[in-house]
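Structure below is target-v6.txt: compact mmCIF, C-alpha atoms and all ligand atoms.
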# COMPACT_ATOMS: atom_id res chain seq x y z
CA MET A 1451 93.16 54.96 38.19
CA THR A 1452 91.43 56.25 41.30
CA SER A 1453 87.76 55.54 40.56
CA LEU A 1454 85.95 52.56 39.05
CA LEU A 1455 82.35 52.50 37.81
CA VAL A 1456 80.80 49.03 38.11
CA THR A 1457 77.71 49.15 35.95
CA ASN A 1458 74.96 47.05 34.33
CA ILE A 1459 74.22 45.44 37.71
CA GLY A 1460 70.90 43.62 37.30
CA GLU A 1461 70.26 43.62 41.05
CA LEU A 1462 72.37 45.46 43.62
CA VAL A 1463 71.92 44.37 47.22
CA SER A 1464 73.54 47.17 49.25
CA TRP A 1465 71.47 47.19 52.48
CA ASP A 1466 71.42 50.95 52.15
CA ASP A 1467 68.76 52.39 54.46
CA GLU A 1468 66.85 54.11 51.67
CA ARG A 1469 67.08 51.49 48.93
CA PRO A 1470 68.41 48.16 50.22
CA VAL A 1471 67.93 46.46 46.84
CA ILE A 1472 68.21 48.36 43.54
CA GLY A 1473 67.48 46.99 40.05
CA ASN A 1474 69.54 48.07 37.01
CA ALA A 1475 72.12 49.70 39.24
CA ALA A 1476 75.71 50.91 39.33
CA VAL A 1477 78.41 51.43 41.96
CA VAL A 1478 81.37 53.80 41.97
CA ILE A 1479 84.43 52.70 43.94
CA GLU A 1480 87.12 55.16 45.04
CA TYR A 1481 90.19 54.28 47.06
CA GLY A 1482 88.76 50.91 48.03
CA HIS A 1483 85.47 52.27 49.33
CA VAL A 1484 81.98 52.74 47.92
CA ALA A 1485 81.68 56.34 46.73
CA TRP A 1486 78.29 56.22 45.00
CA ILE A 1487 75.41 53.77 44.42
CA GLY A 1488 72.20 54.19 42.48
CA ASP A 1489 70.41 53.80 39.18
CA ARG A 1490 72.70 52.90 36.32
CA THR A 1491 71.36 55.72 34.18
CA ALA A 1492 72.29 58.31 36.84
CA ALA A 1493 75.83 57.07 37.42
CA PRO A 1494 78.62 59.66 37.43
CA ASP A 1495 81.74 59.34 35.30
CA ALA A 1496 84.75 57.44 36.59
CA ASP A 1497 88.33 56.74 35.52
CA ALA A 1498 87.46 53.18 34.52
CA VAL A 1499 84.28 51.25 33.75
CA ARG A 1500 83.39 47.62 34.39
CA ASP A 1501 80.21 46.21 32.83
CA VAL A 1502 79.12 43.09 34.76
CA GLY A 1503 76.52 42.10 32.16
CA GLY A 1504 73.28 42.31 34.12
CA VAL A 1505 74.12 39.95 37.00
CA ALA A 1506 73.52 40.54 40.72
CA VAL A 1507 76.06 42.17 43.02
CA VAL A 1508 75.92 41.62 46.79
CA PRO A 1509 78.13 42.57 49.75
CA GLY A 1510 80.98 40.16 50.49
CA PHE A 1511 80.05 37.57 53.09
CA VAL A 1512 81.13 38.18 56.68
CA ASP A 1513 81.93 34.81 58.25
CA SER A 1514 81.79 35.74 61.93
CA HIS A 1515 82.65 32.33 63.41
CA THR A 1516 85.44 29.97 62.31
CA HIS A 1517 88.13 27.79 63.83
CA LEU A 1518 90.70 27.75 61.04
CA VAL A 1519 93.88 27.22 63.04
CA PHE A 1520 94.17 23.44 63.16
CA ALA A 1521 95.95 20.46 61.67
CA GLY A 1522 94.61 17.10 60.57
CA ASP A 1523 91.02 16.20 59.90
CA ARG A 1524 88.32 14.02 61.45
CA ALA A 1525 86.80 12.34 58.44
CA ALA A 1526 86.68 9.00 60.27
CA GLU A 1527 84.67 10.60 63.10
CA PHE A 1528 82.24 12.08 60.56
CA GLU A 1529 81.91 8.73 58.85
CA ALA A 1530 81.18 7.02 62.15
CA ARG A 1531 78.66 9.71 63.08
CA MET A 1532 76.85 9.28 59.80
CA ALA A 1533 76.65 5.58 60.71
CA GLY A 1534 74.75 6.53 63.86
CA ARG A 1535 77.16 7.62 66.62
CA PRO A 1536 76.22 10.96 68.31
CA TYR A 1537 78.54 14.00 68.36
CA GLU A 1538 80.34 14.64 71.65
CA ALA A 1539 82.41 17.70 72.54
CA GLY A 1540 85.45 15.54 73.42
CA GLY A 1541 86.28 14.95 69.75
CA ILE A 1542 87.99 18.35 69.91
CA ARG A 1543 90.91 16.66 71.70
CA THR A 1544 91.84 14.74 68.55
CA THR A 1545 92.43 18.01 66.72
CA VAL A 1546 94.32 19.45 69.70
CA SER A 1547 96.93 16.68 69.42
CA ALA A 1548 97.40 17.22 65.69
CA THR A 1549 97.56 21.02 66.08
CA ARG A 1550 100.19 20.88 68.82
CA ALA A 1551 102.31 18.58 66.66
CA ALA A 1552 102.17 20.89 63.63
CA THR A 1553 104.77 23.56 62.87
CA ASP A 1554 103.89 27.25 62.64
CA GLU A 1555 104.45 27.02 58.88
CA GLN A 1556 102.03 24.12 58.53
CA LEU A 1557 99.34 25.88 60.55
CA ALA A 1558 99.79 29.13 58.64
CA ALA A 1559 99.58 27.26 55.33
CA ASN A 1560 96.34 25.60 56.46
CA VAL A 1561 94.82 28.95 57.46
CA ALA A 1562 95.86 30.53 54.16
CA ARG A 1563 94.39 27.64 52.19
CA HIS A 1564 91.04 27.87 53.98
CA VAL A 1565 90.86 31.68 53.75
CA SER A 1566 91.60 31.43 50.06
CA ALA A 1567 88.82 28.85 49.61
CA MET A 1568 86.46 31.16 51.49
CA ARG A 1569 87.37 34.13 49.36
CA ALA A 1570 86.79 32.09 46.21
CA GLN A 1571 83.20 31.57 47.48
CA GLY A 1572 82.54 35.22 48.25
CA THR A 1573 83.72 35.67 51.84
CA THR A 1574 85.60 38.95 52.29
CA THR A 1575 85.72 39.20 56.10
CA VAL A 1576 86.47 36.28 58.40
CA GLU A 1577 86.78 35.81 62.14
CA ILE A 1578 89.24 33.13 63.31
CA LYS A 1579 89.42 31.55 66.77
CA SER A 1580 92.19 29.75 68.59
CA GLY A 1581 91.17 26.79 70.71
CA TYR A 1582 93.08 23.77 69.43
CA GLY A 1583 96.31 24.57 71.27
CA LEU A 1584 95.15 24.71 74.90
CA THR A 1585 98.65 25.51 76.19
CA VAL A 1586 100.07 29.00 76.61
CA ARG A 1587 102.49 28.47 73.74
CA ASP A 1588 100.03 26.80 71.37
CA GLU A 1589 97.18 29.23 71.95
CA ALA A 1590 99.47 32.25 71.53
CA ARG A 1591 101.00 30.95 68.30
CA SER A 1592 97.55 29.99 66.99
CA LEU A 1593 96.41 33.59 67.43
CA ALA A 1594 99.60 35.07 65.99
CA ILE A 1595 99.04 32.88 62.90
CA ALA A 1596 95.36 33.85 62.70
CA ARG A 1597 96.37 37.52 62.88
CA GLN A 1598 98.31 37.11 59.65
CA ALA A 1599 94.96 36.44 57.94
CA THR A 1600 92.50 38.73 59.77
CA GLU A 1601 92.09 41.42 62.42
CA GLU A 1602 89.08 39.50 63.77
CA THR A 1603 90.90 37.06 66.03
CA THR A 1604 89.32 35.37 69.03
CA PHE A 1605 91.02 33.79 72.04
CA LEU A 1606 89.21 30.51 72.76
CA GLY A 1607 91.52 28.87 75.28
CA ALA A 1608 88.30 27.86 77.05
CA HIS A 1609 87.27 25.53 74.23
CA VAL A 1610 87.64 22.26 76.16
CA VAL A 1611 89.73 21.17 79.16
CA PRO A 1612 92.78 19.31 77.86
CA ASP A 1613 93.26 15.66 78.86
CA GLY A 1614 94.87 15.11 82.24
CA THR A 1615 94.21 18.67 83.45
CA ASP A 1616 92.16 19.68 86.47
CA GLN A 1617 89.19 21.82 85.40
CA ALA A 1618 89.67 24.59 87.99
CA ALA A 1619 93.43 24.72 87.39
CA TYR A 1620 92.81 25.03 83.67
CA VAL A 1621 90.41 27.96 84.15
CA ASP A 1622 93.14 29.62 86.23
CA LEU A 1623 95.61 29.06 83.40
CA VAL A 1624 93.21 30.42 80.74
CA THR A 1625 92.40 33.54 82.75
CA GLY A 1626 96.03 34.04 83.86
CA PRO A 1627 99.20 33.33 81.89
CA MET A 1628 97.39 32.13 78.74
CA LEU A 1629 95.25 35.25 78.52
CA GLU A 1630 98.32 37.42 79.08
CA ALA A 1631 100.15 35.72 76.20
CA CYS A 1632 97.13 35.75 73.88
CA ALA A 1633 95.50 39.14 74.45
CA PRO A 1634 98.02 41.05 72.29
CA HIS A 1635 97.03 38.91 69.29
CA ALA A 1636 93.25 38.93 69.87
CA ARG A 1637 90.26 41.23 69.62
CA TRP A 1638 87.72 38.84 71.16
CA ILE A 1639 87.36 36.41 74.07
CA ASP A 1640 85.14 33.34 73.66
CA VAL A 1641 84.15 30.34 75.76
CA PHE A 1642 82.40 27.04 75.05
CA CYS A 1643 79.63 27.23 77.67
CA GLU A 1644 78.17 23.74 77.43
CA GLU A 1645 77.77 20.49 79.33
CA GLY A 1646 81.12 18.68 78.96
CA ALA A 1647 83.02 21.95 78.40
CA PHE A 1648 82.66 24.94 80.79
CA GLY A 1649 79.87 25.70 83.26
CA VAL A 1650 78.24 29.10 83.53
CA ASP A 1651 80.34 30.32 86.48
CA GLU A 1652 83.57 29.25 84.79
CA ALA A 1653 82.44 30.81 81.55
CA ARG A 1654 81.61 34.09 83.29
CA THR A 1655 85.05 34.08 84.94
CA VAL A 1656 86.74 33.55 81.55
CA LEU A 1657 84.75 36.30 79.83
CA GLN A 1658 85.25 38.82 82.64
CA ALA A 1659 89.01 38.16 82.66
CA GLY A 1660 89.09 38.71 78.90
CA VAL A 1661 87.16 41.96 79.18
CA ALA A 1662 89.55 43.14 81.90
CA ALA A 1663 92.40 42.41 79.45
CA GLY A 1664 90.76 44.60 76.80
CA LEU A 1665 89.00 41.91 74.76
CA GLN A 1666 85.32 41.89 73.80
CA PRO A 1667 83.15 38.88 74.68
CA ARG A 1668 81.32 36.35 72.51
CA VAL A 1669 80.00 32.95 73.56
CA HIS A 1670 79.44 29.42 72.23
CA ALA A 1671 76.00 28.80 73.70
CA ASN A 1672 73.11 26.33 73.69
CA GLN A 1673 74.55 24.07 71.00
CA LEU A 1674 74.08 20.57 72.36
CA GLY A 1675 71.15 21.21 74.70
CA PRO A 1676 69.35 23.87 76.76
CA GLY A 1677 71.63 25.84 79.07
CA PRO A 1678 72.67 29.17 80.54
CA GLY A 1679 75.04 30.28 77.73
CA VAL A 1680 72.68 32.64 75.94
CA ARG A 1681 71.61 34.40 79.13
CA LEU A 1682 75.26 34.72 80.15
CA ALA A 1683 75.98 36.34 76.78
CA ALA A 1684 73.24 38.88 77.48
CA GLU A 1685 74.50 39.44 81.03
CA VAL A 1686 78.05 40.27 79.95
CA GLY A 1687 77.02 42.26 76.86
CA ALA A 1688 78.55 39.83 74.37
CA ALA A 1689 78.60 40.74 70.69
CA SER A 1690 77.10 37.38 69.80
CA ALA A 1691 75.85 34.11 71.23
CA ASP A 1692 76.64 31.45 68.68
CA HIS A 1693 74.82 28.18 67.91
CA CYS A 1694 71.51 29.00 69.69
CA THR A 1695 70.10 25.63 68.73
CA TYR A 1696 68.23 24.92 71.98
CA LEU A 1697 66.46 28.06 73.22
CA ASP A 1698 63.53 28.56 75.57
CA ASP A 1699 61.34 31.67 75.54
CA ALA A 1700 63.48 33.39 78.20
CA ASP A 1701 66.59 32.86 76.03
CA VAL A 1702 64.89 34.40 73.00
CA ALA A 1703 63.70 37.35 75.10
CA ALA A 1704 67.22 37.80 76.50
CA LEU A 1705 68.63 37.98 72.98
CA SER A 1706 66.06 40.45 71.72
CA ASP A 1707 66.20 42.66 74.84
CA SER A 1708 70.01 42.76 74.99
CA GLY A 1709 70.72 43.12 71.28
CA VAL A 1710 73.16 40.21 71.43
CA VAL A 1711 73.40 38.76 67.91
CA ALA A 1712 72.33 35.12 67.54
CA GLY A 1713 75.02 33.49 65.41
CA LEU A 1714 73.47 30.50 63.68
CA LEU A 1715 75.85 27.86 62.30
CA PRO A 1716 73.82 25.46 60.14
CA GLY A 1717 76.90 23.59 58.92
CA VAL A 1718 77.08 22.09 62.42
CA GLU A 1719 73.56 20.69 62.40
CA PHE A 1720 74.11 19.44 58.86
CA SER A 1721 77.37 17.70 59.75
CA THR A 1722 76.17 16.29 63.06
CA ARG A 1723 72.70 15.37 61.79
CA SER A 1724 71.11 17.47 64.54
CA PRO A 1725 67.97 19.62 64.63
CA TYR A 1726 68.49 23.07 63.09
CA PRO A 1727 68.05 26.28 65.11
CA ASP A 1728 64.75 28.06 64.49
CA ALA A 1729 65.78 31.23 62.70
CA ARG A 1730 62.17 32.15 61.96
CA ARG A 1731 61.30 32.28 65.66
CA LEU A 1732 64.35 34.48 66.37
CA ILE A 1733 63.69 36.93 63.54
CA ASP A 1734 60.00 37.16 64.41
CA SER A 1735 61.01 37.94 68.02
CA GLY A 1736 63.21 40.83 66.92
CA VAL A 1737 66.56 39.08 67.39
CA THR A 1738 69.45 40.04 65.09
CA VAL A 1739 70.58 36.85 63.34
CA ALA A 1740 73.98 36.17 61.78
CA LEU A 1741 74.90 33.14 59.70
CA ALA A 1742 78.44 31.73 59.80
CA THR A 1743 80.22 28.52 58.81
CA ASP A 1744 81.85 27.56 62.14
CA CYS A 1745 84.46 26.03 59.82
CA ASN A 1746 86.30 23.40 61.89
CA PRO A 1747 87.41 19.81 61.28
CA GLY A 1748 85.04 18.22 63.80
CA SER A 1749 81.50 19.48 63.61
CA SER A 1750 81.34 21.64 60.45
CA TYR A 1751 84.09 21.26 57.88
CA THR A 1752 82.69 23.69 55.34
CA SER A 1753 84.09 27.09 54.41
CA SER A 1754 81.12 27.97 52.20
CA MET A 1755 78.79 30.80 53.18
CA PRO A 1756 76.53 30.10 50.15
CA PHE A 1757 76.09 26.57 51.49
CA CYS A 1758 75.00 28.01 54.86
CA ILE A 1759 72.59 30.37 53.13
CA ALA A 1760 71.03 27.50 51.19
CA VAL A 1761 70.60 25.38 54.32
CA ALA A 1762 69.21 28.31 56.31
CA VAL A 1763 66.58 28.92 53.65
CA ARG A 1764 65.70 25.26 53.19
CA GLU A 1765 65.74 24.16 56.84
CA MET A 1766 65.53 27.18 59.14
CA GLY A 1767 62.62 29.22 57.86
CA MET A 1768 64.60 32.13 56.41
CA THR A 1769 63.76 33.83 53.14
CA PRO A 1770 66.64 34.09 50.63
CA LEU A 1771 66.90 37.83 51.35
CA GLU A 1772 66.95 37.30 55.13
CA ALA A 1773 69.64 34.65 54.81
CA LEU A 1774 71.77 36.93 52.65
CA TRP A 1775 71.32 39.76 55.18
CA SER A 1776 72.41 37.45 58.01
CA ALA A 1777 75.45 36.26 56.02
CA THR A 1778 76.57 39.85 55.36
CA ARG A 1779 75.13 42.64 57.52
CA GLY A 1780 74.25 40.25 60.35
CA GLY A 1781 77.81 38.92 60.40
CA ALA A 1782 79.12 42.47 60.52
CA PHE A 1783 76.89 43.22 63.52
CA ALA A 1784 78.22 40.07 65.19
CA LEU A 1785 81.72 41.53 64.77
CA ARG A 1786 80.63 45.08 65.64
CA ARG A 1787 81.77 46.27 62.24
CA ASP A 1788 80.07 49.07 60.32
CA ASP A 1789 82.47 49.17 57.36
CA VAL A 1790 81.72 45.70 55.95
CA GLY A 1791 78.64 43.58 55.26
CA HIS A 1792 76.93 46.31 53.23
CA LEU A 1793 77.60 48.50 50.19
CA SER A 1794 76.30 51.88 51.29
CA VAL A 1795 78.45 54.93 50.55
CA GLY A 1796 81.54 54.83 52.75
CA ALA A 1797 81.65 51.03 53.18
CA LYS A 1798 84.63 48.96 52.08
CA ALA A 1799 84.17 48.07 48.43
CA ASP A 1800 83.81 44.34 49.11
CA LEU A 1801 81.60 43.66 46.09
CA VAL A 1802 80.70 40.07 45.28
CA VAL A 1803 79.49 39.34 41.77
CA LEU A 1804 76.99 36.50 41.37
CA ASP A 1805 76.86 34.48 38.20
CA ALA A 1806 73.08 34.88 38.42
CA PRO A 1807 70.47 37.60 37.92
CA THR A 1808 69.31 37.79 41.58
CA HIS A 1809 70.42 36.87 45.10
CA VAL A 1810 67.70 34.20 45.22
CA HIS A 1811 69.96 31.93 43.18
CA LEU A 1812 72.33 31.54 46.16
CA ALA A 1813 69.74 29.32 47.86
CA TYR A 1814 67.94 28.19 44.73
CA ARG A 1815 71.09 26.61 43.24
CA PRO A 1816 72.85 25.04 46.23
CA GLY A 1817 76.41 23.88 45.72
CA VAL A 1818 76.87 25.88 42.52
CA PRO A 1819 79.86 28.29 42.64
CA LEU A 1820 78.01 31.52 41.85
CA ALA A 1821 79.66 34.07 44.16
CA VAL A 1822 83.06 35.61 43.33
CA PRO A 1823 84.57 38.80 44.73
CA LEU A 1824 85.04 41.61 42.22
CA THR A 1825 88.72 41.91 41.39
CA ARG A 1826 90.01 45.42 40.93
ZN ZN B 1 82.59 27.28 67.09
Written as structure tokens, that's how I'd like the structure from this file.
Amino acid sequence: MTSLLVTNIGELVSWDDERPVIGNAAVVIEYGHVAWIGDRTAAPDADAVRDVGGVAVVPGFVDSHTHLVFAGDRAAEFEARMAGRPYEAGGIRTTVSATRAATDEQLAANVARHVSAMRAQGTTTVEIKSGYGLTVRDEARSLAIARQATEETTFLGAHVVPDGTDQAAYVDLVTGPMLEACAPHARWIDVFCEEGAFGVDEARTVLQAGVAAGLQPRVHANQLGPGPGVRLAAEVGAASADHCTYLDDADVAALSDSGVVAGLLPGVEFSTRSPYPDARRLIDSGVTVALATDCNPGSSYTSSMPFCIAVAVREMGMTPLEALWSATRGGAFALRRDDVGHLSVGAKADLVVLDAPTHVHLAYRPGVPLAVPLTR
């Protein structure tokens, strides 16, 4: 069978330029790509037919920011935080110890388990960062393991300075031997530009070294307080500046002028009981917004894009349609991908079937497992 007609779609969200949302629709899939979309009654013949019974179909979620290569968990830290202790970046070091002690097989099994859980909730494209190894060997193997699960791999040696290491010497290591060992396994270079992690000059050095090695930049910026991360992202032409929780007007202008995507990660604010980023302000200022899980054992241990959509709608001023756009098309922009995050003709046929009549139910029924990729 070479073509499949998916029909009786109550609501098709395709993000097609002409008709982004179509009622009573159908899709034809050929060779793994979308070959036709439109009104059900106008659908062409195909080798096989699937009737989805009037439910909604949306593009698979694009989770543009995760840290899946790790071992252990930090449930005790979460429990303490919920009892009133603030989040500090240094908690990362706990996961670094556990990750270094794990075998390749254990790390790969953890990644596979999380990717499988994501897929079961509608995520069809995922970015995965290193950053819990912080040695040449452990960063390189983290990325090699991530590469088994996705092409969207990000070298984040500059996540935090490991214990007992001089900050300047560590930046030299990250931009020297570590980058050399990691670049073959990575598409992206990232840095945690934040008080307690890396300053703006160090972060610029890391990103420029990555670019020189053929990687494309993205930045962890303005998570824990105001800072220069977002403007650095604009300066270096990063694909995205992620977190964007504490922004002044100049930061917002820098994002909208540069076209850098603001990657919002509401699982972090949820799990650290922190103020949410203001998505409404960003969208109204013309900034492209992506939503992602930031799945990691410290500050956001969720792999659920529908959860992030629900929180973004409830807490961040997004409409259900905007949140879905940011979780699909916005994520694809954050990864500079044109083949995923939408269902226009030519896109990958990453259809997600909702057990619901419209996309609104993703936010309206939080925690309910509604989104499942179409199996072919
Ligand atoms: Zn992150």
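We find atom CA of Ser1690 of chain A and atom CA of Arg1668 of chain A to be spaced 5.1 Å apart.
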Pairwise distance, atom CA of Tyr1751 of chain A with atom CA of Met1768 of chain A, equals 22.4 Å
Which polymer residues, whether protein, DNA or RNA, lie within 10 Å of the coordinate (87.4, 21.7, 81.0) when you count only C-alpha atoms? List them as a list in words, using the chain letters and numbers from the file.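 Within the cut-off we find Gly1540, Ala1608, His1609, Val1610, Val1611, Pro1612, Asp1613, Thr1615, Asp1616, Gln1617, Ala1618, Ala1619, Tyr1620, Val1621, Phe1642, Glu1645, Gly1646, Ala1647, Phe1648, Gly1649 and Glu1652 of chain A.
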Any idea what the distance is between atom CA of Phe1783 of chain A and atom CA of His1635 of chain A? 21.4 Å
Any idea what's packed within 7 Å of segment 1786-1790 of chain A, counting all atoms listed in the file, ignoring anything in its chain fewer than 5 positions away? Could you give it as an MDAnalysis selection string? chainID A and resid 1689 1797:1798
Selection within 10 Å of ligand ZN 1 (chain B) by only C-alpha atoms and all ligand atoms, output as a PyMOL selection string: chain A and resi 1514-1517+1578-1579+1581+1606+1609+1640-1642+1669-1671+1673+1692-1693+1713+1715+1718+1742-1746+1748-1750
Could you name the residues that touch Ala1570 of chain A at 10 Å or less, counting only C-alpha atoms, but leaving out those on the same chain fewer than 5 positions away, as a ChimeraX atom specification? /A:1564-1565,1753-1754,1819-1823
Residues within 9 Å of Tyr1696 of chain A, all atoms listed in the file, excluding chain neighbours under 2 positions, as a list in words: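 Surrounding residues, per the criterion: Ala1671, Asn1672, Gln1673, Leu1674, Gly1675, Pro1676, Gly1677, His1693, Cys1694, Asp1698, Pro1727 and Asp1728 of chain A.
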Any idea what's packed within 12 Å of Asp1467 of chain A, counting only C-alpha atoms, ignoring anything in its chain fewer than 5 positions away? Could you give it as a list in words?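 The contact residues come out as Ile1472, His1792, Leu1793, Ser1794 and Val1795 of chain A.
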Give me the residues within 9 Å of segment 1474-1484 of chain A as a VMD selection string, counting only C-alpha atoms and dropping any in the same chain fewer than 3 places off. chain A and resid 1452 to 1462 1487 to 1496 1504 1793 to 1800
Using all atoms listed in the file, find all polymer residues with an atom at most 7 Å away from the point (80.6, 46.2, 42.0); report them as a PyMOL selection string. chain A and resi 1456+1477+1507+1801-1803+1824
Requested write-out: C-alpha atoms of the selected residues, as a PDB file, keeping the file's coordinate frame:
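Output below, filename result36.pdb:
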ATOM      1  CA  VAL A1456      80.800  49.030  38.110  1.00  0.00           C
ATOM      2  CA  VAL A1477      78.410  51.430  41.960  1.00  0.00           C
ATOM      3  CA  VAL A1507      76.060  42.170  43.020  1.00  0.00           C
ATOM      4  CA  LEU A1801      81.600  43.660  46.090  1.00  0.00           C
ATOM      5  CA  VAL A1802      80.700  40.070  45.280  1.00  0.00           C
ATOM      6  CA  VAL A1803      79.490  39.340  41.770  1.00  0.00           C
ATOM      7  CA  LEU A1824      85.040  41.610  42.220  1.00  0.00           C
TER       8      LEU A1824
END
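The nearest approach to Ala1691 of chain A among the residues A:Ala1551, A:Leu1629, A:Ala1712, A:Cys1758, with only C-alpha atoms taken into account, belongs to A:Ala1712.
Taking all atoms listed in the file into account, Val1512 of chain A lies nearest to A:Leu1741 out of the set A:Ala1525, A:Leu1741, A:Ala1688, A:Val1624.
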Can you save segment 1796-1803 of chain A of the given block to a file, including all heavy atoms and formatted as a PDB file, in the first residue's frame?
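What ended up in part02.pdb:
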ATOM      1  N   GLY A1796       3.432  18.000   1.614  1.00  0.00           N
ATOM      2  CA  GLY A1796       4.884  17.902   1.600  1.00  0.00           C
ATOM      3  C   GLY A1796       5.497  17.654   2.965  1.00  0.00           C
ATOM      4  O   GLY A1796       6.633  17.190   3.067  1.00  0.00           O
ATOM      5  N   ALA A1797       4.743  17.967   4.048  1.00  0.00           N
ATOM      6  CA  ALA A1797       5.272  17.759   5.399  1.00  0.00           C
ATOM      7  C   ALA A1797       5.343  16.271   5.725  1.00  0.00           C
ATOM      8  O   ALA A1797       4.660  15.449   5.096  1.00  0.00           O
ATOM      9  CB  ALA A1797       4.384  18.460   6.425  1.00  0.00           C
ATOM     10  N   LYS A1798       6.163  15.923   6.707  1.00  0.00           N
ATOM     11  CA  LYS A1798       6.134  14.555   7.221  1.00  0.00           C
ATOM     12  C   LYS A1798       4.737  14.269   7.757  1.00  0.00           C
ATOM     13  O   LYS A1798       4.103  15.129   8.374  1.00  0.00           O
ATOM     14  CB  LYS A1798       7.152  14.390   8.361  1.00  0.00           C
ATOM     15  CG  LYS A1798       8.579  14.199   7.884  1.00  0.00           C
ATOM     16  CD  LYS A1798       9.539  14.029   9.045  1.00  0.00           C
ATOM     17  CE  LYS A1798       9.384  12.670   9.724  1.00  0.00           C
ATOM     18  NZ  LYS A1798      10.407  12.493  10.807  1.00  0.00           N
ATOM     19  N   ALA A1799       4.275  13.047   7.540  1.00  0.00           N
ATOM     20  CA  ALA A1799       2.908  12.705   7.944  1.00  0.00           C
ATOM     21  C   ALA A1799       2.866  12.343   9.423  1.00  0.00           C
ATOM     22  O   ALA A1799       2.492  11.231   9.809  1.00  0.00           O
ATOM     23  CB  ALA A1799       2.384  11.571   7.081  1.00  0.00           C
ATOM     24  N   ASP A1800       3.256  13.293  10.275  1.00  0.00           N
ATOM     25  CA  ASP A1800       3.218  13.090  11.725  1.00  0.00           C
ATOM     26  C   ASP A1800       1.844  13.526  12.240  1.00  0.00           C
ATOM     27  O   ASP A1800       1.698  14.572  12.881  1.00  0.00           O
ATOM     28  CB  ASP A1800       4.327  13.904  12.401  1.00  0.00           C
ATOM     29  CG  ASP A1800       5.713  13.365  12.117  1.00  0.00           C
ATOM     30  OD1 ASP A1800       5.841  12.168  11.768  1.00  0.00           O
ATOM     31  OD2 ASP A1800       6.688  14.124  12.251  1.00  0.00           O
ATOM     32  N   LEU A1801       0.830  12.719  11.943  1.00  0.00           N
ATOM     33  CA  LEU A1801      -0.525  13.042  12.376  1.00  0.00           C
ATOM     34  C   LEU A1801      -0.750  12.554  13.801  1.00  0.00           C
ATOM     35  O   LEU A1801      -0.399  11.414  14.131  1.00  0.00           O
ATOM     36  CB  LEU A1801      -1.567  12.373  11.461  1.00  0.00           C
ATOM     37  CG  LEU A1801      -1.892  13.058  10.133  1.00  0.00           C
ATOM     38  CD1 LEU A1801      -0.712  12.976   9.179  1.00  0.00           C
ATOM     39  CD2 LEU A1801      -3.130  12.414   9.498  1.00  0.00           C
ATOM     40  N   VAL A1802      -1.332  13.413  14.626  1.00  0.00           N
ATOM     41  CA  VAL A1802      -1.737  13.003  15.967  1.00  0.00           C
ATOM     42  C   VAL A1802      -3.256  13.073  16.053  1.00  0.00           C
ATOM     43  O   VAL A1802      -3.871  14.086  15.697  1.00  0.00           O
ATOM     44  CB  VAL A1802      -1.056  13.880  17.041  1.00  0.00           C
ATOM     45  CG1 VAL A1802      -1.803  13.817  18.362  1.00  0.00           C
ATOM     46  CG2 VAL A1802       0.392  13.438  17.217  1.00  0.00           C
ATOM     47  N   VAL A1803      -3.837  11.975  16.480  1.00  0.00           N
ATOM     48  CA  VAL A1803      -5.287  11.849  16.579  1.00  0.00           C
ATOM     49  C   VAL A1803      -5.690  12.145  18.022  1.00  0.00           C
ATOM     50  O   VAL A1803      -5.147  11.547  18.958  1.00  0.00           O
ATOM     51  CB  VAL A1803      -5.725  10.423  16.186  1.00  0.00           C
ATOM     52  CG1 VAL A1803      -7.231  10.278  16.303  1.00  0.00           C
ATOM     53  CG2 VAL A1803      -5.257  10.106  14.761  1.00  0.00           C
TER      54      VAL A1803
END
